[in-house]
Amino acid sequence: MALRALNMLELQPPKPFAFMERVDENFLVQLTLDLDWTTPWHSSINVLHAATPVILRGDGDFSRFFQVLEGYQAENGGWGEHSDPHHQMAGAFHFLPFYRAAGRVFPRLEALARLVLALPIHGVGFGTMDMMAVLLFAMERGAITRDECERFFREVENVVRRCPLPEKRHDLLAYVQILAYLSRYAGDKAARDAWAPELWRLP
């Protein structure tokens, strides 16, 4: 998370990470090839943890890694074949920071956004958070319109209204991120406050 924050601010960490010396493009390519992409949620997490530091650091374009990675993308824009579409969507979500940092075009982004819109929303957990992030990413890049996403974000708002405030820290983190995405969708603080002020009921 710290590296992602630095990346958004266009800053570099003050000192190199020693563990990153062996994580290069060859390592990431082999890791991607060795993983089981019939379980894309778990496999994408492994790639996310290994690749995030080096890709966000901006060393090289990692074209071969992206080529291998995209070989496992499904026609619906998610990752992995013959798997649950929620898992395919989550696999794609885990790679959004890579494409943003590398300035690369995310393949089949419109298909991925439409996959998200076809999926049911399950509470205020990380699955819903992932879906929101994908749609916001797609909207930023013109792959889908705000009007097409309006119903989805309204439904998320209604889900949040009905759900009690999570007690576990893990669930609370997802809840707060969902609120942040709702605010981002609303556009600014004034729009957020006019849209759903009572949702922000954190102590």
# chains A, B, ... in the order shown; residues from 1 in each chain; ligands from 1

$ residues_around --residues "stretch 139-149 of chain A" --least-positions-apart "4" --cutoff "7 Å" --atoms "only C-alpha atoms" --output "VMD selection string"
chain A and resid 109 to 110 135 153

$ write_last_selection --atoms "all heavy atoms" --output "JSON list (two decimals), in the first residue's frame"
[["chain", "number", "residue", "atom", "x", "y", "z"],
["A", 109, "LEU", "N", -11.32, -4.43, -21.55],
["A", 109, "LEU", "CA", -11.81, -3.70, -20.38],
["A", 109, "LEU", "C", -13.33, -3.52, -20.41],
["A", 109, "LEU", "O", -14.00, -3.63, -19.39],
["A", 109, "LEU", "CB", -11.11, -2.34, -20.27],
["A", 109, "LEU", "CG", -11.45, -1.50, -19.04],
["A", 109, "LEU", "CD1", -11.21, -2.27, -17.75],
["A", 109, "LEU", "CD2", -10.63, -0.20, -19.05],
["A", 110, "GLU", "N", -13.88, -3.25, -21.58],
["A", 110, "GLU", "CA", -15.33, -3.10, -21.67],
["A", 110, "GLU", "C", -16.03, -4.41, -21.31],
["A", 110, "GLU", "O", -17.03, -4.42, -20.58],
["A", 110, "GLU", "CB", -15.76, -2.67, -23.07],
["A", 110, "GLU", "CG", -17.27, -2.50, -23.19],
["A", 110, "GLU", "CD", -17.73, -2.09, -24.58],
["A", 110, "GLU", "OE1", -16.88, -1.81, -25.44],
["A", 110, "GLU", "OE2", -18.97, -2.07, -24.80],
["A", 135, "LEU", "N", -15.16, -0.95, -12.12],
["A", 135, "LEU", "CA", -16.03, -0.03, -12.85],
["A", 135, "LEU", "C", -15.46, 1.39, -12.87],
["A", 135, "LEU", "O", -15.52, 2.07, -13.90],
["A", 135, "LEU", "CB", -17.43, -0.03, -12.24],
["A", 135, "LEU", "CG", -18.24, -1.31, -12.47],
["A", 135, "LEU", "CD1", -19.61, -1.19, -11.81],
["A", 135, "LEU", "CD2", -18.39, -1.61, -13.96],
["A", 153, "PHE", "N", -24.09, 1.46, -8.72],
["A", 153, "PHE", "CA", -23.65, 2.21, -7.55],
["A", 153, "PHE", "C", -24.82, 2.56, -6.63],
["A", 153, "PHE", "O", -24.65, 2.61, -5.40],
["A", 153, "PHE", "CB", -22.89, 3.47, -7.98],
["A", 153, "PHE", "CG", -21.47, 3.18, -8.39],
["A", 153, "PHE", "CD1", -21.16, 2.94, -9.72],
["A", 153, "PHE", "CD2", -20.46, 3.13, -7.45],
["A", 153, "PHE", "CE1", -19.85, 2.66, -10.10],
["A", 153, "PHE", "CE2", -19.15, 2.85, -7.81],
["A", 153, "PHE", "CZ", -18.85, 2.61, -9.15]]

$ residues_around --residues "stretch 157-160 of chain A" --least-positions-apart "2" --cutoff "9 Å" --atoms "only C-alpha atoms" --output "ChimeraX atom specification"
/A:121-124,152-155,162-165,175,178-179,182,196,199

$ residues_around --residues "stretch 130-133 of chain A" --least-positions-apart "6" --cutoff "9 Å" --atoms "only C-alpha atoms" --output "MDAnalysis selection string"
chainID A and resid 86 89:90 93:94 96 113 116:117 119 121 152:153 156 178 181:182

$ write_last_selection --atoms "N, CA and C atoms" --output "PDB file, in the first residue's frame"
ATOM      1  N   HIS A  86     -17.024 -14.428 -10.400  1.00  0.00           N
ATOM      2  CA  HIS A  86     -16.563 -13.531  -9.337  1.00  0.00           C
ATOM      3  C   HIS A  86     -15.048 -13.658  -9.162  1.00  0.00           C
ATOM      4  N   MET A  89     -13.311 -11.971 -12.086  1.00  0.00           N
ATOM      5  CA  MET A  89     -13.327 -10.524 -11.899  1.00  0.00           C
ATOM      6  C   MET A  89     -12.280 -10.094 -10.885  1.00  0.00           C
ATOM      7  N   ALA A  90     -12.192 -10.829  -9.760  1.00  0.00           N
ATOM      8  CA  ALA A  90     -11.218 -10.485  -8.726  1.00  0.00           C
ATOM      9  C   ALA A  90      -9.794 -10.613  -9.250  1.00  0.00           C
ATOM     10  N   PHE A  93      -9.147  -7.520 -11.127  1.00  0.00           N
ATOM     11  CA  PHE A  93      -9.013  -6.391 -10.203  1.00  0.00           C
ATOM     12  C   PHE A  93      -7.597  -6.295  -9.643  1.00  0.00           C
ATOM     13  N   HIS A  94      -7.004  -7.431  -9.310  1.00  0.00           N
ATOM     14  CA  HIS A  94      -5.677  -7.421  -8.703  1.00  0.00           C
ATOM     15  C   HIS A  94      -4.605  -6.875  -9.646  1.00  0.00           C
ATOM     16  N   LEU A  96      -5.146  -4.265 -11.856  1.00  0.00           N
ATOM     17  CA  LEU A  96      -5.387  -2.873 -12.249  1.00  0.00           C
ATOM     18  C   LEU A  96      -4.198  -1.960 -11.940  1.00  0.00           C
ATOM     19  N   ALA A 113     -15.975  -4.788 -17.567  1.00  0.00           N
ATOM     20  CA  ALA A 113     -16.947  -3.916 -16.913  1.00  0.00           C
ATOM     21  C   ALA A 113     -18.356  -4.487 -17.032  1.00  0.00           C
ATOM     22  N   VAL A 116     -18.877  -7.296 -14.627  1.00  0.00           N
ATOM     23  CA  VAL A 116     -19.160  -6.797 -13.277  1.00  0.00           C
ATOM     24  C   VAL A 116     -20.628  -6.410 -13.147  1.00  0.00           C
ATOM     25  N   LEU A 117     -21.154  -5.711 -14.131  1.00  0.00           N
ATOM     26  CA  LEU A 117     -22.544  -5.263 -14.062  1.00  0.00           C
ATOM     27  C   LEU A 117     -23.527  -6.428 -14.066  1.00  0.00           C
ATOM     28  N   LEU A 119     -22.920  -9.284 -12.453  1.00  0.00           N
ATOM     29  CA  LEU A 119     -22.734 -10.073 -11.239  1.00  0.00           C
ATOM     30  C   LEU A 119     -23.606  -9.542 -10.102  1.00  0.00           C
ATOM     31  N   ILE A 121     -24.426  -8.427  -6.234  1.00  0.00           N
ATOM     32  CA  ILE A 121     -23.664  -7.767  -5.177  1.00  0.00           C
ATOM     33  C   ILE A 121     -23.906  -8.517  -3.875  1.00  0.00           C
ATOM     34  N   PHE A 152     -25.788   0.264 -10.692  1.00  0.00           N
ATOM     35  CA  PHE A 152     -24.913  -0.547  -9.846  1.00  0.00           C
ATOM     36  C   PHE A 152     -24.540   0.211  -8.575  1.00  0.00           C
ATOM     37  N   PHE A 153     -24.092   1.461  -8.718  1.00  0.00           N
ATOM     38  CA  PHE A 153     -23.650   2.212  -7.548  1.00  0.00           C
ATOM     39  C   PHE A 153     -24.818   2.556  -6.626  1.00  0.00           C
ATOM     40  N   VAL A 156     -25.319  -0.567  -4.622  1.00  0.00           N
ATOM     41  CA  VAL A 156     -24.316  -0.659  -3.555  1.00  0.00           C
ATOM     42  C   VAL A 156     -24.702   0.264  -2.404  1.00  0.00           C
ATOM     43  N   ILE A 178     -15.296   0.864   0.387  1.00  0.00           N
ATOM     44  CA  ILE A 178     -16.529   0.996  -0.391  1.00  0.00           C
ATOM     45  C   ILE A 178     -17.081   2.413  -0.276  1.00  0.00           C
ATOM     46  N   TYR A 181     -15.048   4.619  -2.478  1.00  0.00           N
ATOM     47  CA  TYR A 181     -15.395   4.473  -3.889  1.00  0.00           C
ATOM     48  C   TYR A 181     -16.733   5.145  -4.201  1.00  0.00           C
ATOM     49  N   LEU A 182     -17.680   5.076  -3.272  1.00  0.00           N
ATOM     50  CA  LEU A 182     -18.939   5.793  -3.470  1.00  0.00           C
ATOM     51  C   LEU A 182     -18.684   7.296  -3.574  1.00  0.00           C
TER      52      LEU A 182
END

$ closest_residue --among "A:Gly60, A:Gly125, A:Pro120, A:Gly77" --to "A:His170" --atoms "only C-alpha atoms"
A:Gly125

$ select_by_dssp --residues "stretch 6-177 of chain A" --states "helix (DSSP H, G or I)" --output "PyMOL selection string"
chain A and resi 6-8+18-22+25-34+40-57+63-70+85-93+96-102+109-118+126-140+146-162+169-177

$ closest_residue --among "A:Thr128, A:Thr32, A:Asn26, A:Ser63" --to "A:Ser44" --atoms "only C-alpha atoms"
A:Thr32

$ atom_distance --atom1 "atom CA of A:Ser43" --atom2 "atom CA of A:Phe106"
18.6 Å

$ residues_around --residues "A:Asn46" --least-positions-apart "5" --cutoff "12 Å" --atoms "only C-alpha atoms" --output "number ranges by chain"
A: 28, 31-37, 39-41, 51-52, 91, 94-95

$ atom_distance --atom1 "atom CA of A:Pro107" --atom2 "atom CA of A:Val47"
17.6 Å

$ atom_distance --atom1 "atom CA of A:Leu112" --atom2 "atom CA of A:Val23"
28.9 Å

$ decode --residues "stretch 149-163 of chain A" --atoms "all heavy atoms" --output "PDB file, in the first residue's frame"
ATOM      1  N   CYS A 149     -23.319   2.767 -15.240  1.00  0.00           N
ATOM      2  CA  CYS A 149     -22.916   2.287 -13.912  1.00  0.00           C
ATOM      3  C   CYS A 149     -23.815   2.802 -12.796  1.00  0.00           C
ATOM      4  O   CYS A 149     -23.693   2.346 -11.653  1.00  0.00           O
ATOM      5  CB  CYS A 149     -21.475   2.702 -13.621  1.00  0.00           C
ATOM      6  SG  CYS A 149     -20.260   2.006 -14.760  1.00  0.00           S
ATOM      7  N   GLU A 150     -24.693   3.745 -13.102  1.00  0.00           N
ATOM      8  CA  GLU A 150     -25.492   4.396 -12.062  1.00  0.00           C
ATOM      9  C   GLU A 150     -26.303   3.395 -11.244  1.00  0.00           C
ATOM     10  O   GLU A 150     -26.322   3.451 -10.006  1.00  0.00           O
ATOM     11  CB  GLU A 150     -26.421   5.428 -12.706  1.00  0.00           C
ATOM     12  CG  GLU A 150     -27.361   6.132 -11.734  1.00  0.00           C
ATOM     13  CD  GLU A 150     -26.664   7.171 -10.871  1.00  0.00           C
ATOM     14  OE1 GLU A 150     -25.497   7.509 -11.153  1.00  0.00           O
ATOM     15  OE2 GLU A 150     -27.302   7.655  -9.914  1.00  0.00           O
ATOM     16  N   ARG A 151     -26.961   2.490 -11.922  1.00  0.00           N
ATOM     17  CA  ARG A 151     -27.801   1.523 -11.207  1.00  0.00           C
ATOM     18  C   ARG A 151     -26.974   0.674 -10.254  1.00  0.00           C
ATOM     19  O   ARG A 151     -27.398   0.404  -9.121  1.00  0.00           O
ATOM     20  CB  ARG A 151     -28.529   0.631 -12.214  1.00  0.00           C
ATOM     21  CG  ARG A 151     -29.447  -0.399 -11.575  1.00  0.00           C
ATOM     22  CD  ARG A 151     -30.183  -1.201 -12.631  1.00  0.00           C
ATOM     23  NE  ARG A 151     -31.024  -2.222 -12.036  1.00  0.00           N
ATOM     24  CZ  ARG A 151     -31.769  -3.073 -12.730  1.00  0.00           C
ATOM     25  NH1 ARG A 151     -31.792  -3.001 -14.055  1.00  0.00           N
ATOM     26  NH2 ARG A 151     -32.493  -3.985 -12.116  1.00  0.00           N
ATOM     27  N   PHE A 152     -25.788   0.264 -10.692  1.00  0.00           N
ATOM     28  CA  PHE A 152     -24.913  -0.547  -9.846  1.00  0.00           C
ATOM     29  C   PHE A 152     -24.540   0.211  -8.575  1.00  0.00           C
ATOM     30  O   PHE A 152     -24.654  -0.317  -7.459  1.00  0.00           O
ATOM     31  CB  PHE A 152     -23.653  -0.937 -10.618  1.00  0.00           C
ATOM     32  CG  PHE A 152     -22.592  -1.579  -9.761  1.00  0.00           C
ATOM     33  CD1 PHE A 152     -22.603  -2.940  -9.525  1.00  0.00           C
ATOM     34  CD2 PHE A 152     -21.591  -0.812  -9.179  1.00  0.00           C
ATOM     35  CE1 PHE A 152     -21.634  -3.537  -8.722  1.00  0.00           C
ATOM     36  CE2 PHE A 152     -20.620  -1.396  -8.380  1.00  0.00           C
ATOM     37  CZ  PHE A 152     -20.642  -2.760  -8.154  1.00  0.00           C
ATOM     38  N   PHE A 153     -24.092   1.461  -8.718  1.00  0.00           N
ATOM     39  CA  PHE A 153     -23.650   2.212  -7.548  1.00  0.00           C
ATOM     40  C   PHE A 153     -24.818   2.556  -6.626  1.00  0.00           C
ATOM     41  O   PHE A 153     -24.651   2.610  -5.403  1.00  0.00           O
ATOM     42  CB  PHE A 153     -22.890   3.465  -7.981  1.00  0.00           C
ATOM     43  CG  PHE A 153     -21.475   3.183  -8.390  1.00  0.00           C
ATOM     44  CD1 PHE A 153     -21.156   2.936  -9.718  1.00  0.00           C
ATOM     45  CD2 PHE A 153     -20.460   3.128  -7.450  1.00  0.00           C
ATOM     46  CE1 PHE A 153     -19.851   2.657 -10.100  1.00  0.00           C
ATOM     47  CE2 PHE A 153     -19.154   2.850  -7.813  1.00  0.00           C
ATOM     48  CZ  PHE A 153     -18.851   2.610  -9.146  1.00  0.00           C
ATOM     49  N   ARG A 154     -25.990   2.757  -7.190  1.00  0.00           N
ATOM     50  CA  ARG A 154     -27.172   2.965  -6.350  1.00  0.00           C
ATOM     51  C   ARG A 154     -27.498   1.701  -5.554  1.00  0.00           C
ATOM     52  O   ARG A 154     -27.900   1.771  -4.385  1.00  0.00           O
ATOM     53  CB  ARG A 154     -28.370   3.358  -7.217  1.00  0.00           C
ATOM     54  CG  ARG A 154     -28.280   4.742  -7.814  1.00  0.00           C
ATOM     55  CD  ARG A 154     -28.385   5.812  -6.754  1.00  0.00           C
ATOM     56  NE  ARG A 154     -28.369   7.151  -7.327  1.00  0.00           N
ATOM     57  CZ  ARG A 154     -28.421   8.266  -6.620  1.00  0.00           C
ATOM     58  NH1 ARG A 154     -28.473   8.202  -5.295  1.00  0.00           N
ATOM     59  NH2 ARG A 154     -28.403   9.442  -7.209  1.00  0.00           N
ATOM     60  N   GLU A 155     -27.324   0.560  -6.196  1.00  0.00           N
ATOM     61  CA  GLU A 155     -27.587  -0.699  -5.497  1.00  0.00           C
ATOM     62  C   GLU A 155     -26.585  -0.905  -4.365  1.00  0.00           C
ATOM     63  O   GLU A 155     -26.944  -1.361  -3.275  1.00  0.00           O
ATOM     64  CB  GLU A 155     -27.530  -1.871  -6.477  1.00  0.00           C
ATOM     65  CG  GLU A 155     -27.932  -3.195  -5.851  1.00  0.00           C
ATOM     66  CD  GLU A 155     -27.974  -4.339  -6.843  1.00  0.00           C
ATOM     67  OE1 GLU A 155     -27.921  -4.082  -8.069  1.00  0.00           O
ATOM     68  OE2 GLU A 155     -28.056  -5.502  -6.386  1.00  0.00           O
ATOM     69  N   VAL A 156     -25.319  -0.567  -4.622  1.00  0.00           N
ATOM     70  CA  VAL A 156     -24.316  -0.659  -3.555  1.00  0.00           C
ATOM     71  C   VAL A 156     -24.702   0.264  -2.404  1.00  0.00           C
ATOM     72  O   VAL A 156     -24.604  -0.113  -1.229  1.00  0.00           O
ATOM     73  CB  VAL A 156     -22.914  -0.298  -4.083  1.00  0.00           C
ATOM     74  CG1 VAL A 156     -21.918  -0.197  -2.923  1.00  0.00           C
ATOM     75  CG2 VAL A 156     -22.436  -1.336  -5.088  1.00  0.00           C
ATOM     76  N   GLU A 157     -25.140   1.461  -2.726  1.00  0.00           N
ATOM     77  CA  GLU A 157     -25.575   2.389  -1.686  1.00  0.00           C
ATOM     78  C   GLU A 157     -26.686   1.774  -0.843  1.00  0.00           C
ATOM     79  O   GLU A 157     -26.662   1.848   0.398  1.00  0.00           O
ATOM     80  CB  GLU A 157     -26.073   3.689  -2.318  1.00  0.00           C
ATOM     81  CG  GLU A 157     -26.625   4.682  -1.304  1.00  0.00           C
ATOM     82  CD  GLU A 157     -27.371   5.831  -1.952  1.00  0.00           C
ATOM     83  OE1 GLU A 157     -27.354   5.941  -3.191  1.00  0.00           O
ATOM     84  OE2 GLU A 157     -27.982   6.611  -1.205  1.00  0.00           O
ATOM     85  N   ASN A 158     -27.644   1.146  -1.491  1.00  0.00           N
ATOM     86  CA  ASN A 158     -28.755   0.531  -0.755  1.00  0.00           C
ATOM     87  C   ASN A 158     -28.276  -0.623   0.116  1.00  0.00           C
ATOM     88  O   ASN A 158     -28.774  -0.824   1.233  1.00  0.00           O
ATOM     89  CB  ASN A 158     -29.818   0.044  -1.741  1.00  0.00           C
ATOM     90  CG  ASN A 158     -30.558   1.189  -2.407  1.00  0.00           C
ATOM     91  OD1 ASN A 158     -30.689   2.267  -1.829  1.00  0.00           O
ATOM     92  ND2 ASN A 158     -31.037   0.967  -3.627  1.00  0.00           N
ATOM     93  N   VAL A 159     -27.308  -1.388  -0.385  1.00  0.00           N
ATOM     94  CA  VAL A 159     -26.742  -2.482   0.407  1.00  0.00           C
ATOM     95  C   VAL A 159     -26.062  -1.925   1.652  1.00  0.00           C
ATOM     96  O   VAL A 159     -26.224  -2.450   2.760  1.00  0.00           O
ATOM     97  CB  VAL A 159     -25.750  -3.311  -0.437  1.00  0.00           C
ATOM     98  CG1 VAL A 159     -24.965  -4.277   0.447  1.00  0.00           C
ATOM     99  CG2 VAL A 159     -26.490  -4.082  -1.518  1.00  0.00           C
ATOM    100  N   VAL A 160     -25.297  -0.853   1.485  1.00  0.00           N
ATOM    101  CA  VAL A 160     -24.604  -0.242   2.622  1.00  0.00           C
ATOM    102  C   VAL A 160     -25.612   0.276   3.647  1.00  0.00           C
ATOM    103  O   VAL A 160     -25.413   0.143   4.860  1.00  0.00           O
ATOM    104  CB  VAL A 160     -23.680   0.897   2.144  1.00  0.00           C
ATOM    105  CG1 VAL A 160     -23.079   1.642   3.329  1.00  0.00           C
ATOM    106  CG2 VAL A 160     -22.569   0.336   1.261  1.00  0.00           C
ATOM    107  N   ARG A 161     -26.697   0.843   3.174  1.00  0.00           N
ATOM    108  CA  ARG A 161     -27.727   1.351   4.089  1.00  0.00           C
ATOM    109  C   ARG A 161     -28.299   0.238   4.965  1.00  0.00           C
ATOM    110  O   ARG A 161     -28.604   0.445   6.139  1.00  0.00           O
ATOM    111  CB  ARG A 161     -28.868   1.988   3.296  1.00  0.00           C
ATOM    112  CG  ARG A 161     -28.550   3.303   2.626  1.00  0.00           C
ATOM    113  CD  ARG A 161     -29.777   3.799   1.876  1.00  0.00           C
ATOM    114  NE  ARG A 161     -29.492   4.946   1.048  1.00  0.00           N
ATOM    115  CZ  ARG A 161     -29.484   6.199   1.481  1.00  0.00           C
ATOM    116  NH1 ARG A 161     -29.725   6.453   2.753  1.00  0.00           N
ATOM    117  NH2 ARG A 161     -29.225   7.190   0.651  1.00  0.00           N
ATOM    118  N   ARG A 162     -28.455  -0.941   4.366  1.00  0.00           N
ATOM    119  CA  ARG A 162     -29.093  -2.048   5.086  1.00  0.00           C
ATOM    120  C   ARG A 162     -28.138  -2.788   6.008  1.00  0.00           C
ATOM    121  O   ARG A 162     -28.577  -3.489   6.924  1.00  0.00           O
ATOM    122  CB  ARG A 162     -29.693  -3.045   4.086  1.00  0.00           C
ATOM    123  CG  ARG A 162     -30.835  -2.490   3.245  1.00  0.00           C
ATOM    124  CD  ARG A 162     -31.567  -3.610   2.525  1.00  0.00           C
ATOM    125  NE  ARG A 162     -30.685  -4.369   1.642  1.00  0.00           N
ATOM    126  CZ  ARG A 162     -30.516  -4.106   0.348  1.00  0.00           C
ATOM    127  NH1 ARG A 162     -31.146  -3.079  -0.204  1.00  0.00           N
ATOM    128  NH2 ARG A 162     -29.722  -4.850  -0.393  1.00  0.00           N
ATOM    129  N   CYS A 163     -26.841  -2.677   5.753  1.00  0.00           N
ATOM    130  CA  CYS A 163     -25.870  -3.463   6.517  1.00  0.00           C
ATOM    131  C   CYS A 163     -25.463  -2.738   7.798  1.00  0.00           C
ATOM    132  O   CYS A 163     -25.212  -1.532   7.777  1.00  0.00           O
ATOM    133  CB  CYS A 163     -24.621  -3.718   5.675  1.00  0.00           C
ATOM    134  SG  CYS A 163     -24.872  -4.902   4.347  1.00  0.00           S
TER     135      CYS A 163
END
